[in-house]
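Data from entry-v6.cif: mmCIF, C-alpha atoms
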```
data_coords
loop_
_atom_site.label_atom_id
_atom_site.label_comp_id
_atom_site.auth_asym_id
_atom_site.auth_seq_id
_atom_site.Cartn_x
_atom_site.Cartn_y
_atom_site.Cartn_z
CA MET A 1 23.87 34.25 -94.27
CA GLU A 2 23.37 33.54 -97.94
CA ASN A 3 26.61 32.82 -99.80
CA VAL A 4 26.71 35.62 -102.36
CA LYS A 5 28.86 35.15 -105.46
CA ASN A 6 31.73 37.46 -106.31
CA ARG A 7 30.49 40.02 -108.83
CA TRP A 8 33.95 40.39 -110.38
CA LEU A 9 33.99 36.64 -111.10
CA ILE A 10 30.55 37.09 -112.65
CA ALA A 11 32.11 39.77 -114.88
CA ALA A 12 35.03 37.42 -115.67
CA SER A 13 32.54 34.70 -116.67
CA ALA A 14 30.82 37.17 -118.98
CA VAL A 15 34.18 38.01 -120.56
CA GLY A 16 34.85 34.27 -121.00
CA ILE A 17 31.70 33.89 -123.08
CA HIS A 18 32.28 37.06 -125.10
CA ILE A 19 35.95 36.33 -125.88
CA SER A 20 34.90 32.93 -127.26
CA ILE A 21 32.11 34.15 -129.52
CA GLY A 22 34.10 37.28 -130.48
CA SER A 23 36.50 34.97 -132.34
CA VAL A 24 34.03 35.31 -135.23
CA TYR A 25 35.76 38.65 -135.97
CA ALA A 26 38.90 36.67 -136.84
CA TRP A 27 37.08 34.86 -139.65
CA SER A 28 39.24 36.53 -142.30
CA VAL A 29 42.18 34.35 -141.11
CA TYR A 30 40.39 31.36 -142.67
CA THR A 31 39.56 33.12 -145.93
CA LYS A 32 42.71 32.58 -148.01
CA PRO A 33 43.45 29.06 -146.71
CA LEU A 34 39.89 27.97 -147.62
CA MET A 35 40.12 29.64 -151.04
CA ASN A 36 43.46 27.96 -151.75
CA GLN A 37 42.39 24.51 -150.55
CA PHE A 38 39.05 24.32 -152.35
CA GLN A 39 39.28 27.00 -155.07
CA TRP A 40 36.24 28.69 -153.56
CA GLY A 41 35.74 32.38 -154.40
CA LEU A 42 36.17 35.26 -151.95
CA LYS A 43 32.43 36.02 -151.95
CA GLU A 44 31.57 32.36 -151.23
CA VAL A 45 33.93 32.15 -148.26
CA SER A 46 33.04 35.60 -146.89
CA PHE A 47 29.34 34.73 -147.08
CA THR A 48 29.92 32.36 -144.12
CA PHE A 49 30.72 35.37 -141.93
CA SER A 50 27.68 37.29 -143.23
CA ILE A 51 25.37 34.36 -142.36
CA ALA A 52 26.87 34.16 -138.86
CA ILE A 53 26.27 37.88 -138.20
CA LEU A 54 22.75 37.65 -139.65
CA PHE A 55 21.86 34.77 -137.32
CA LEU A 56 23.51 36.60 -134.42
CA GLY A 57 20.95 39.38 -134.86
CA LEU A 58 18.02 37.04 -135.48
CA SER A 59 18.75 34.69 -132.57
CA ALA A 60 19.39 37.62 -130.21
CA ALA A 61 15.95 38.95 -131.14
CA PHE A 62 13.99 35.69 -131.09
CA LEU A 63 15.73 34.00 -128.14
CA GLY A 64 15.92 37.04 -125.87
CA HIS A 65 12.77 35.82 -124.07
CA PHE A 66 14.43 32.42 -123.54
CA VAL A 67 17.35 34.18 -121.81
CA GLU A 68 14.97 36.07 -119.51
CA LYS A 69 12.78 33.04 -118.75
CA HIS A 70 15.49 30.43 -118.10
CA GLY A 71 18.30 32.59 -116.71
CA PRO A 72 21.95 33.08 -117.66
CA ARG A 73 23.17 29.61 -116.70
CA LYS A 74 20.85 27.72 -119.05
CA SER A 75 21.09 30.27 -121.87
CA GLY A 76 24.90 30.40 -121.54
CA THR A 77 25.01 26.60 -121.75
CA LEU A 78 22.77 26.71 -124.83
CA ALA A 79 25.14 29.27 -126.44
CA ALA A 80 28.13 27.01 -125.61
CA CYS A 81 26.43 24.05 -127.30
CA PHE A 82 25.49 25.94 -130.46
CA PHE A 83 28.79 27.76 -130.89
CA GLY A 84 30.92 24.75 -129.94
CA VAL A 85 29.01 22.37 -132.22
CA GLY A 86 28.94 24.98 -135.00
CA THR A 87 32.73 25.42 -134.88
CA VAL A 88 33.42 21.65 -134.71
CA GLY A 89 30.88 21.18 -137.52
CA ALA A 90 32.84 23.69 -139.60
CA GLY A 91 35.81 21.31 -139.25
CA LEU A 92 33.64 18.47 -140.53
CA ALA A 93 32.51 20.65 -143.46
CA VAL A 94 36.16 21.33 -144.36
CA THR A 95 36.98 17.61 -144.10
CA LEU A 96 34.12 16.83 -146.51
CA GLY A 97 34.83 19.87 -148.69
CA SER A 98 31.20 21.00 -148.37
CA LEU A 99 30.48 24.73 -148.60
CA PRO A 100 26.72 24.35 -147.77
CA LEU A 101 27.64 22.40 -144.62
CA LEU A 102 30.08 25.20 -143.66
CA TYR A 103 27.24 27.72 -144.07
CA LEU A 104 24.94 25.56 -141.94
CA CYS A 105 27.44 24.83 -139.15
CA TYR A 106 29.50 27.98 -138.74
CA GLY A 107 26.93 30.38 -140.21
CA VAL A 108 23.59 29.15 -138.84
CA LEU A 109 24.46 27.05 -135.74
CA GLY A 110 27.47 29.17 -134.81
CA GLY A 111 25.45 32.34 -135.46
CA ILE A 112 22.70 31.20 -133.07
CA GLY A 113 25.38 30.57 -130.43
CA LEU A 114 26.73 34.08 -131.11
CA GLY A 115 23.38 35.76 -130.57
CA VAL A 116 22.40 33.89 -127.40
CA GLY A 117 25.94 34.17 -126.00
CA TYR A 118 26.09 37.89 -126.71
CA ILE A 119 22.97 38.85 -124.72
CA THR A 120 23.19 36.17 -121.98
CA PRO A 121 25.53 37.95 -119.51
CA VAL A 122 24.32 41.50 -120.06
CA SER A 123 21.15 41.70 -117.96
CA THR A 124 22.87 39.71 -115.20
CA LEU A 125 25.84 42.10 -115.11
CA VAL A 126 23.56 45.14 -114.92
CA LYS A 127 21.96 43.67 -111.77
CA TRP A 128 25.36 42.96 -110.17
CA PHE A 129 26.70 46.47 -110.88
CA PRO A 130 23.96 48.98 -109.95
CA ASP A 131 26.74 51.45 -109.10
CA ARG A 132 28.77 51.01 -112.33
CA ARG A 133 26.34 49.80 -114.98
CA GLY A 134 28.34 51.08 -117.96
CA LEU A 135 31.62 49.61 -116.67
CA ALA A 136 30.01 46.19 -116.21
CA THR A 137 28.56 45.89 -119.70
CA GLY A 138 31.70 47.48 -121.15
CA LEU A 139 33.88 44.78 -119.57
CA ALA A 140 31.98 41.93 -121.20
CA ILE A 141 31.53 43.53 -124.59
CA MET A 142 35.20 44.57 -124.55
CA GLY A 143 35.95 40.84 -124.60
CA PHE A 144 34.05 40.53 -127.86
CA GLY A 145 36.02 43.40 -129.37
CA PHE A 146 39.44 42.12 -128.26
CA ALA A 147 38.81 38.50 -129.30
CA SER A 148 40.10 38.94 -132.86
CA LEU A 149 43.43 40.25 -131.52
CA ILE A 150 43.75 37.14 -129.35
CA PHE A 151 42.53 34.47 -131.76
CA SER A 152 43.83 35.72 -135.12
CA PRO A 153 47.47 34.71 -134.40
CA ILE A 154 46.36 31.47 -132.68
CA GLU A 155 44.22 30.47 -135.67
CA ALA A 156 46.96 31.38 -138.17
CA LYS A 157 49.50 29.26 -136.23
CA LEU A 158 47.13 26.30 -135.92
CA ILE A 159 46.18 26.39 -139.63
CA SER A 160 49.85 26.31 -140.64
CA THR A 161 50.66 23.41 -138.28
CA VAL A 162 47.58 21.14 -138.05
CA GLY A 163 45.42 22.29 -141.01
CA ILE A 164 42.09 24.11 -141.32
CA ALA A 165 39.79 21.24 -140.26
CA ASN A 166 41.79 20.41 -137.12
CA THR A 167 41.92 24.12 -136.22
CA PHE A 168 38.12 24.17 -136.19
CA PHE A 169 38.00 20.94 -134.16
CA ILE A 170 40.50 22.18 -131.54
CA LEU A 171 38.98 25.66 -131.17
CA GLY A 172 35.42 24.30 -131.13
CA ILE A 173 36.26 22.15 -128.11
CA ILE A 174 38.12 25.02 -126.38
CA PHE A 175 35.23 27.44 -126.97
CA PHE A 176 32.69 24.93 -125.64
CA ILE A 177 34.68 24.26 -122.45
CA LEU A 178 35.34 27.96 -121.79
CA MET A 179 31.73 29.02 -122.45
CA PHE A 180 30.25 26.08 -120.52
CA ALA A 181 32.47 26.74 -117.48
CA SER A 182 31.68 30.48 -117.61
CA ALA A 183 27.93 29.82 -117.85
CA ARG A 184 28.02 27.61 -114.73
CA TYR A 185 29.05 30.59 -112.56
CA LEU A 186 26.56 33.07 -114.01
CA ALA A 187 23.59 33.85 -111.76
CA PRO A 188 21.58 36.93 -110.81
CA PRO A 189 22.22 38.52 -107.37
CA PRO A 190 19.80 37.94 -104.45
CA GLN A 191 16.70 40.15 -104.44
CA GLY A 192 17.53 43.66 -103.21
CA TRP A 193 21.29 43.00 -103.13
CA LEU A 194 23.70 45.98 -103.27
CA PRO A 195 27.54 46.01 -103.23
CA GLU A 196 28.83 46.36 -99.64
CA GLY A 197 30.50 49.80 -99.82
CA PHE A 198 27.79 51.18 -102.11
CA LYS A 199 25.02 49.86 -99.84
CA GLN A 200 26.42 51.75 -96.84
CA LYS A 201 26.65 54.97 -98.84
CA VAL A 202 23.04 54.59 -100.01
CA GLU A 203 21.85 53.93 -96.45
CA SER A 204 23.74 56.96 -95.12
CA GLY A 205 22.32 59.16 -97.89
CA GLU A 206 25.77 59.85 -99.32
CA LYS A 207 24.77 58.20 -102.60
CA LYS A 208 21.42 57.90 -104.30
CA LEU A 209 20.37 54.62 -105.88
CA ALA A 210 19.71 55.34 -109.55
CA VAL A 211 16.09 54.73 -110.46
CA ASP A 212 15.32 53.48 -113.97
CA LEU A 213 12.91 55.68 -115.90
CA SER A 214 10.49 52.79 -116.45
CA GLU A 215 10.13 49.03 -115.94
CA LEU A 216 8.84 47.55 -119.20
CA THR A 217 8.65 44.11 -120.75
CA ALA A 218 10.19 43.63 -124.20
CA ASN A 219 6.76 43.66 -125.84
CA GLU A 220 5.89 46.92 -124.09
CA ALA A 221 9.27 48.46 -124.99
CA VAL A 222 8.83 47.94 -128.75
CA LYS A 223 5.64 50.02 -128.61
CA THR A 224 7.54 53.12 -127.45
CA ARG A 225 9.16 55.78 -129.62
CA ARG A 226 12.41 55.72 -127.64
CA PHE A 227 12.99 52.06 -128.59
CA TYR A 228 13.10 52.99 -132.29
CA LEU A 229 15.24 56.05 -131.63
CA LEU A 230 17.79 53.79 -129.87
CA TRP A 231 17.56 51.29 -132.76
CA LEU A 232 18.29 54.00 -135.33
CA MET A 233 21.22 55.40 -133.34
CA LEU A 234 22.84 51.95 -133.13
CA PHE A 235 22.08 51.23 -136.80
CA ILE A 236 23.79 54.41 -138.03
CA ASN A 237 26.78 53.96 -135.70
CA VAL A 238 27.30 50.33 -136.77
CA THR A 239 26.63 50.89 -140.49
CA CYS A 240 29.36 53.52 -140.74
CA GLY A 241 31.77 51.67 -138.45
CA ILE A 242 31.46 48.32 -140.25
CA ALA A 243 31.85 50.06 -143.61
CA ILE A 244 35.10 51.65 -142.38
CA LEU A 245 36.31 48.22 -141.22
CA ALA A 246 35.52 46.80 -144.65
CA VAL A 247 37.35 49.46 -146.70
CA ALA A 248 39.98 50.82 -144.26
CA SER A 249 43.06 49.41 -145.98
CA PRO A 250 42.34 50.43 -149.61
CA MET A 251 40.95 53.81 -148.45
CA ALA A 252 44.13 54.55 -146.45
CA GLN A 253 46.22 53.72 -149.51
CA GLU A 254 44.09 55.95 -151.77
CA ILE A 255 43.56 59.00 -149.52
CA ALA A 256 46.64 59.05 -147.25
CA ARG A 257 48.99 57.34 -149.75
CA MET A 258 49.90 54.70 -147.15
CA THR A 259 51.78 51.57 -148.24
CA PRO A 260 49.88 48.23 -148.17
CA ALA A 261 52.01 47.07 -145.21
CA THR A 262 51.34 50.26 -143.19
CA ALA A 263 47.63 50.09 -144.01
CA ALA A 264 47.53 46.46 -142.86
CA ALA A 265 49.21 47.44 -139.57
CA MET A 266 46.60 50.18 -139.14
CA VAL A 267 43.78 47.63 -139.64
CA GLY A 268 45.30 45.46 -136.89
CA LEU A 269 45.42 48.41 -134.49
CA MET A 270 41.79 49.25 -135.30
CA GLY A 271 40.79 46.11 -133.39
CA LEU A 272 42.70 47.38 -130.35
CA PHE A 273 40.94 50.77 -130.39
CA ASN A 274 37.59 49.05 -131.01
CA GLY A 275 38.14 47.09 -127.77
CA LEU A 276 39.47 50.06 -125.79
CA GLY A 277 36.50 52.14 -126.87
CA ARG A 278 34.13 49.52 -125.47
CA ILE A 279 35.49 49.62 -121.93
CA GLY A 280 36.55 53.31 -122.03
CA TRP A 281 33.36 54.91 -123.31
CA ALA A 282 31.05 52.56 -121.38
CA SER A 283 32.86 53.37 -118.10
CA PHE A 284 32.85 57.10 -118.92
CA SER A 285 29.10 56.92 -119.55
CA ASP A 286 28.61 56.15 -115.83
CA TYR A 287 29.89 59.66 -115.09
CA ILE A 288 28.48 61.79 -117.92
CA GLY A 289 25.29 59.80 -118.57
CA ARG A 290 24.27 57.76 -121.60
CA PRO A 291 22.50 60.62 -123.48
CA ASN A 292 25.66 62.76 -123.35
CA THR A 293 27.80 59.77 -124.37
CA TYR A 294 25.84 59.15 -127.57
CA THR A 295 25.71 62.84 -128.41
CA ALA A 296 29.52 62.84 -128.03
CA PHE A 297 29.83 59.75 -130.31
CA PHE A 298 27.91 61.39 -133.11
CA SER A 299 29.49 64.84 -132.77
CA ILE A 300 33.01 63.35 -132.91
CA GLN A 301 32.24 61.09 -135.88
CA LEU A 302 30.42 63.80 -137.81
CA ILE A 303 33.60 65.90 -137.72
CA ALA A 304 35.92 62.92 -138.29
CA PHE A 305 34.08 61.59 -141.36
CA PHE A 306 33.85 65.09 -142.81
CA LEU A 307 37.61 65.61 -142.40
CA LEU A 308 38.82 62.18 -143.55
CA PRO A 309 38.71 62.73 -147.36
CA SER A 310 40.97 65.81 -147.08
CA ILE A 311 43.59 64.27 -144.74
CA SER A 312 46.71 63.31 -146.69
CA ASN A 313 48.93 63.06 -143.59
CA ALA A 314 49.14 59.34 -142.71
CA LEU A 315 49.48 59.86 -138.94
CA PHE A 316 46.52 62.26 -138.67
CA PHE A 317 44.47 59.96 -140.94
CA GLN A 318 45.14 57.00 -138.64
CA LEU A 319 44.32 59.01 -135.51
CA LEU A 320 40.90 59.89 -136.96
CA ILE A 321 40.27 56.24 -137.91
CA PHE A 322 41.22 55.08 -134.40
CA LEU A 323 38.95 57.72 -132.86
CA ILE A 324 36.06 56.49 -135.03
CA MET A 325 36.79 52.92 -133.91
CA THR A 326 36.54 53.86 -130.22
CA CYS A 327 33.09 55.36 -130.91
CA TYR A 328 32.10 52.27 -132.92
CA GLY A 329 33.04 49.94 -130.05
CA GLY A 330 31.67 52.30 -127.43
CA GLY A 331 28.27 52.31 -129.14
CA PHE A 332 27.98 48.53 -128.68
CA ALA A 333 29.15 48.58 -125.06
CA SER A 334 27.01 51.51 -123.89
CA ILE A 335 23.71 50.41 -125.46
CA PRO A 336 22.80 47.76 -122.80
CA ALA A 337 23.26 50.32 -120.00
CA TYR A 338 21.15 52.84 -121.97
CA ILE A 339 18.43 50.19 -122.38
CA GLY A 340 18.50 49.62 -118.61
CA ASP A 341 18.19 53.35 -117.95
CA LEU A 342 15.19 53.73 -120.27
CA PHE A 343 13.35 50.41 -119.88
CA GLY A 344 14.54 48.92 -116.58
CA LYS A 345 15.99 45.49 -115.78
CA LYS A 346 12.76 43.46 -116.02
CA GLN A 347 13.49 42.08 -119.52
CA LEU A 348 16.73 43.85 -120.42
CA GLY A 349 18.15 40.81 -122.24
CA ALA A 350 15.11 40.46 -124.49
CA ILE A 351 15.02 44.20 -125.29
CA HIS A 352 18.77 44.11 -126.00
CA GLY A 353 18.11 41.22 -128.39
CA TYR A 354 15.51 43.25 -130.28
CA ILE A 355 17.83 46.26 -130.48
CA LEU A 356 20.64 44.07 -131.88
CA THR A 357 18.64 43.51 -135.08
CA ALA A 358 20.12 46.92 -135.94
CA TRP A 359 23.54 45.21 -135.95
CA ALA A 360 22.34 42.46 -138.28
CA ALA A 361 20.84 45.03 -140.67
CA ALA A 362 23.92 47.26 -140.53
CA GLY A 363 26.26 44.31 -141.04
CA LEU A 364 24.63 43.73 -144.41
CA ALA A 365 24.02 47.39 -145.37
CA GLY A 366 27.36 49.02 -144.45
CA PRO A 367 29.91 47.05 -146.53
CA ILE A 368 27.52 46.63 -149.50
CA PHE A 369 26.75 50.37 -149.59
CA ALA A 370 30.42 51.37 -149.28
CA SER A 371 31.46 48.99 -152.08
CA TRP A 372 28.61 50.16 -154.35
CA VAL A 373 29.45 53.87 -153.94
CA ARG A 374 33.17 53.17 -154.47
CA GLU A 375 32.50 51.27 -157.70
CA THR A 376 29.95 53.85 -158.93
CA VAL A 377 31.95 57.05 -158.39
CA ASN A 378 35.45 55.53 -158.10
CA SER A 379 36.18 57.45 -154.89
CA TYR A 380 35.97 56.94 -151.13
CA SER A 381 35.46 60.66 -150.48
CA LEU A 382 31.74 60.63 -151.31
CA ILE A 383 31.19 57.71 -148.92
CA MET A 384 32.76 59.69 -146.07
CA TYR A 385 30.61 62.74 -146.78
CA ILE A 386 27.46 60.57 -146.91
CA PHE A 387 28.39 59.02 -143.56
CA ALA A 388 28.99 62.52 -142.11
CA GLY A 389 25.43 63.35 -143.23
CA MET A 390 24.13 60.19 -141.54
CA PHE A 391 25.77 61.32 -138.31
CA VAL A 392 23.92 64.65 -138.55
CA VAL A 393 20.73 62.56 -138.44
CA ALA A 394 22.09 60.42 -135.56
CA LEU A 395 23.05 63.57 -133.62
CA ALA A 396 19.53 64.94 -134.09
CA ILE A 397 18.07 61.64 -132.83
CA SER A 398 20.37 61.69 -129.76
CA LEU A 399 18.94 65.13 -128.92
CA LEU A 400 15.34 64.13 -129.73
CA ILE A 401 15.42 61.15 -127.34
CA ARG A 402 16.17 63.59 -124.52
CA LEU A 403 12.59 64.89 -124.85
CA ASP A 404 11.32 61.39 -124.05
CA ILE A 405 13.77 61.14 -121.14
CA ALA A 406 12.66 64.53 -119.75
CA ARG A 407 9.01 63.48 -119.98
CA LEU A 408 9.71 60.17 -118.20
CA ARG A 409 11.67 61.96 -115.44
CA ALA A 410 8.82 64.42 -114.93
CA LYS A 411 6.35 61.53 -114.73
CA LEU A 412 8.59 59.78 -112.18
CA GLU A 413 8.90 62.93 -110.05
CA THR A 414 5.12 63.41 -110.09
CA ALA A 415 4.58 59.80 -109.01
CA ARG A 416 7.12 60.24 -106.19
CA ALA A 417 5.43 63.46 -105.00
CA GLN A 418 2.02 61.78 -104.97
CA GLY A 419 3.35 58.57 -103.39
#
```

Just give me the structure of the file as structure tokens.
Amino acid sequence: MENVKNRWLIAASAVGIHISIGSVYAWSVYTKPLMNQFQWGLKEVSFTFSIAILFLGLSAAFLGHFVEKHGPRKSGTLAACFFGVGTVGAGLAVTLGSLPLLYLCYGVLGGIGLGVGYITPVSTLVKWFPDRRGLATGLAIMGFGFASLIFSPIEAKLISTVGIANTFFILGIIFFILMFASARYLAPPPQGWLPEGFKQKVESGEKKLAVDLSELTANEAVKTRRFYLLWLMLFINVTCGIAILAVASPMAQEIARMTPATAAAMVGLMGLFNGLGRIGWASFSDYIGRPNTYTAFFSIQLIAFFLLPSISNALFFQLLIFLIMTCYGGGFASIPAYIGDLFGKKQLGAIHGYILTAWAAAGLAGPIFASWVRETVNSYSLIMYIFAGMFVVALAISLLIRLDIARLRAKLETARAQG
């Protein structure tokens, strides 16, 4: 008998990669130390993070075919090399006091590692978990969301004890080892493999094996309307979520009259709810379906963003923010499973890469738009109402895509009847 790998260890390997690259969300820990050491401005230091997220989106899009062609082991190793070298290179940039080198190493090289590492485990996990597709992708992407909670205190401690450059050197080596080791275990399941208990239920007729609505290549997928509907849904969800992340503390102080310390504590907890939303919503989507999950995201956030400007009670304000964060994280974690439902597993990684360009675009658009509106009208209320309006559009799109799904199901039923 063929020695089949343990799918839960495959999931753990995926988490290992995502926890490493998710440390990018703890970038703000470096901000003040870098500003103090080199007298660089806030915009100059923060631009490193923007470059990294931009190249995450670009590399996910352009290297998605590499992931599909060469498999998760090689692409995971490539991600380990880029992210590890990029982080160590950031240490060299700090040693030399070179901002352009920091942009090149952490922003460009690290960003490429981010993009390849982000999509590498996803299509593999979907194949290992035909019975719990949402749970599988949610587990890995949860690691990305929780990483800032894990690495922020570690980075702060290291910076205070060994300095900024050595922190980059130490973490770069740790990230490389963890990602490289995780990539070595990643592999797709044997052809036609099903989990033992699930296989018996399918054979007995107790359970039906879910059939994807189509099996398309990435190039075929981008020619369909449903691809762009998915792209727009993710773009709106991420734009509003990232904007909230960017302005949460000052907005809480202005609207809910929270103290700076309480607002800072709220921002820390937002990371927790971001991570919980990834595993919670993605797992729940296995039961209620991906179309219902996204309709729920947009309905909840439409109401939450509309209510936020009028909430002066600090506790209720925070509850709404945390609810929004679960939907923000859940949107990331549920999208790979939705892609699998609509386009199949043939080139899921490459299609996921194309869809993630919505993240790159939103990462630039969200914070810039929120800051511009705040400076123009001197109020966060208008921003919240605009975002509520955007979720009306997103809700309409989540209902419109159901027409495509219904048409595909009808086509599939007709083919079954004829075959």

8 Å contact set for segment 170-179 of chain A, all atoms listed in the file, chain neighbours under 3 positions out, as a PyMOL selection string: chain A and resi 16-17+20-21+76-77+79-81+83-88+166-167+182-183

Do you have, as a Markdown table, the list of residues of segment 136-228 of chain A lying at most 12 Å from segment 351-373 of chain A, each with its nearest atom pair and that distance in Å to one decimal, counting all atoms listed in the file and ordered by chain then number?
```
| residue | atom | partner | partner_atom | distance |
| --- | --- | --- | --- | --- |
| A:Thr137 | CA | A:His352 | CA | 11.8 |
| A:Glu215 | CA | A:Ile351 | CA | 11.6 |
| A:Leu216 | CA | A:Ile351 | CA | 9.3 |
| A:Thr217 | CA | A:Ile351 | CA | 7.8 |
| A:Ala218 | CA | A:Ile351 | CA | 5.0 |
| A:Asn219 | CA | A:Ile351 | CA | 8.3 |
| A:Glu220 | CA | A:Ile351 | CA | 9.6 |
| A:Ala221 | CA | A:Ile351 | CA | 7.2 |
| A:Val222 | CA | A:Ile351 | CA | 8.0 |
| A:Lys223 | CA | A:Ile351 | CA | 11.5 |
| A:Thr224 | CA | A:Ile351 | CA | 11.8 |
| A:Arg226 | CA | A:Ile355 | CA | 11.3 |
| A:Phe227 | CA | A:Ile355 | CA | 7.8 |
| A:Tyr228 | CA | A:Ile355 | CA | 8.4 |
```

Proximity to Tyr380 of chain A - best of A:Ile321, A:Ala248, A:Leu104, A:Ala181, all atoms listed in the file: A:Ala248

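One distance worth recording is that between atom CA of Arg407 of chain A and atom CA of Ser334 of chain A, which is 22.0 Å.
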
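Considering the residues A:Pro188, A:Gly107, A:Gly113, A:Pro153 and counting only C-alpha atoms, Lys345 of chain A has its shortest atom-to-atom contact with A:Pro188.
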
Residues matched by the PyMOL selection byres ((chain A and resi 269-283) around 8) as a PyMOL selection string: chain A and resi 132+134-139+141-146+148-149+265-268+284-287+293+321-323+325-334

Writer output for current selection, C-alpha atoms, as a PDB file, in the frame of the given file:
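out.pdb written:
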```pdb
ATOM      1  CA  ARG A 132      28.770  51.010-112.330  1.00  0.00           C
ATOM      2  CA  GLY A 134      28.340  51.080-117.960  1.00  0.00           C
ATOM      3  CA  LEU A 135      31.620  49.610-116.670  1.00  0.00           C
ATOM      4  CA  ALA A 136      30.010  46.190-116.210  1.00  0.00           C
ATOM      5  CA  THR A 137      28.560  45.890-119.700  1.00  0.00           C
ATOM      6  CA  GLY A 138      31.700  47.480-121.150  1.00  0.00           C
ATOM      7  CA  LEU A 139      33.880  44.780-119.570  1.00  0.00           C
ATOM      8  CA  ILE A 141      31.530  43.530-124.590  1.00  0.00           C
ATOM      9  CA  MET A 142      35.200  44.570-124.550  1.00  0.00           C
ATOM     10  CA  GLY A 143      35.950  40.840-124.600  1.00  0.00           C
ATOM     11  CA  PHE A 144      34.050  40.530-127.860  1.00  0.00           C
ATOM     12  CA  GLY A 145      36.020  43.400-129.370  1.00  0.00           C
ATOM     13  CA  PHE A 146      39.440  42.120-128.260  1.00  0.00           C
ATOM     14  CA  SER A 148      40.100  38.940-132.860  1.00  0.00           C
ATOM     15  CA  LEU A 149      43.430  40.250-131.520  1.00  0.00           C
ATOM     16  CA  ALA A 265      49.210  47.440-139.570  1.00  0.00           C
ATOM     17  CA  MET A 266      46.600  50.180-139.140  1.00  0.00           C
ATOM     18  CA  VAL A 267      43.780  47.630-139.640  1.00  0.00           C
ATOM     19  CA  GLY A 268      45.300  45.460-136.890  1.00  0.00           C
ATOM     20  CA  PHE A 284      32.850  57.100-118.920  1.00  0.00           C
ATOM     21  CA  SER A 285      29.100  56.920-119.550  1.00  0.00           C
ATOM     22  CA  ASP A 286      28.610  56.150-115.830  1.00  0.00           C
ATOM     23  CA  TYR A 287      29.890  59.660-115.090  1.00  0.00           C
ATOM     24  CA  THR A 293      27.800  59.770-124.370  1.00  0.00           C
ATOM     25  CA  ILE A 321      40.270  56.240-137.910  1.00  0.00           C
ATOM     26  CA  PHE A 322      41.220  55.080-134.400  1.00  0.00           C
ATOM     27  CA  LEU A 323      38.950  57.720-132.860  1.00  0.00           C
ATOM     28  CA  MET A 325      36.790  52.920-133.910  1.00  0.00           C
ATOM     29  CA  THR A 326      36.540  53.860-130.220  1.00  0.00           C
ATOM     30  CA  CYS A 327      33.090  55.360-130.910  1.00  0.00           C
ATOM     31  CA  TYR A 328      32.100  52.270-132.920  1.00  0.00           C
ATOM     32  CA  GLY A 329      33.040  49.940-130.050  1.00  0.00           C
ATOM     33  CA  GLY A 330      31.670  52.300-127.430  1.00  0.00           C
ATOM     34  CA  GLY A 331      28.270  52.310-129.140  1.00  0.00           C
ATOM     35  CA  PHE A 332      27.980  48.530-128.680  1.00  0.00           C
ATOM     36  CA  ALA A 333      29.150  48.580-125.060  1.00  0.00           C
ATOM     37  CA  SER A 334      27.010  51.510-123.890  1.00  0.00           C
TER      38      SER A 334
END
```

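Straight-line separation from atom CA of Leu56 of chain A to atom CA of Arg225 of chain A: 24.4 Å.
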
The PyMOL selection byres ((chain A and resi 390) around 10) resolved against shown file, as a PDB file with C-alpha atoms, in the frame of the given file:
```pdb
ATOM      1  CA  MET A 233      21.220  55.400-133.340  1.00  0.00           C
ATOM      2  CA  ILE A 236      23.790  54.410-138.030  1.00  0.00           C
ATOM      3  CA  ASN A 237      26.780  53.960-135.700  1.00  0.00           C
ATOM      4  CA  THR A 239      26.630  50.890-140.490  1.00  0.00           C
ATOM      5  CA  CYS A 240      29.360  53.520-140.740  1.00  0.00           C
ATOM      6  CA  PHE A 298      27.910  61.390-133.110  1.00  0.00           C
ATOM      7  CA  GLN A 301      32.240  61.090-135.880  1.00  0.00           C
ATOM      8  CA  LEU A 302      30.420  63.800-137.810  1.00  0.00           C
ATOM      9  CA  MET A 384      32.760  59.690-146.070  1.00  0.00           C
ATOM     10  CA  TYR A 385      30.610  62.740-146.780  1.00  0.00           C
ATOM     11  CA  ILE A 386      27.460  60.570-146.910  1.00  0.00           C
ATOM     12  CA  PHE A 387      28.390  59.020-143.560  1.00  0.00           C
ATOM     13  CA  ALA A 388      28.990  62.520-142.110  1.00  0.00           C
ATOM     14  CA  GLY A 389      25.430  63.350-143.230  1.00  0.00           C
ATOM     15  CA  PHE A 391      25.770  61.320-138.310  1.00  0.00           C
ATOM     16  CA  VAL A 392      23.920  64.650-138.550  1.00  0.00           C
ATOM     17  CA  VAL A 393      20.730  62.560-138.440  1.00  0.00           C
ATOM     18  CA  ALA A 394      22.090  60.420-135.560  1.00  0.00           C
ATOM     19  CA  LEU A 395      23.050  63.570-133.620  1.00  0.00           C
ATOM     20  CA  ALA A 396      19.530  64.940-134.090  1.00  0.00           C
TER      21      ALA A 396
END
```

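Comparing the minimum interatomic distances between Leu308 of chain A and each of A:Val377, A:Asn292, A:Ile383, A:Leu109, counting all atoms listed in the file, we find that A:Ile383 sits nearest.
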
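Shortest separation to Gln347 of chain A among A:Tyr185, A:Phe66, A:Phe38, A:Phe180 occurs at residue A:Phe66, atoms counted being all atoms listed in the file.
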
Output check: residues returned by the PyMOL selection byres ((chain A and resi 72) around 10), as JSON, numbers by chain: {"A": [14, 66, 67, 68, 69, 70, 71, 73, 74, 75, 76, 77, 78, 116, 117, 119, 120, 121, 122, 123, 124, 183, 184, 185, 186, 187, 188, 349]}

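The space between atom CA of Phe47 of chain A and atom CA of His18 of chain A spans 22.3 Å.
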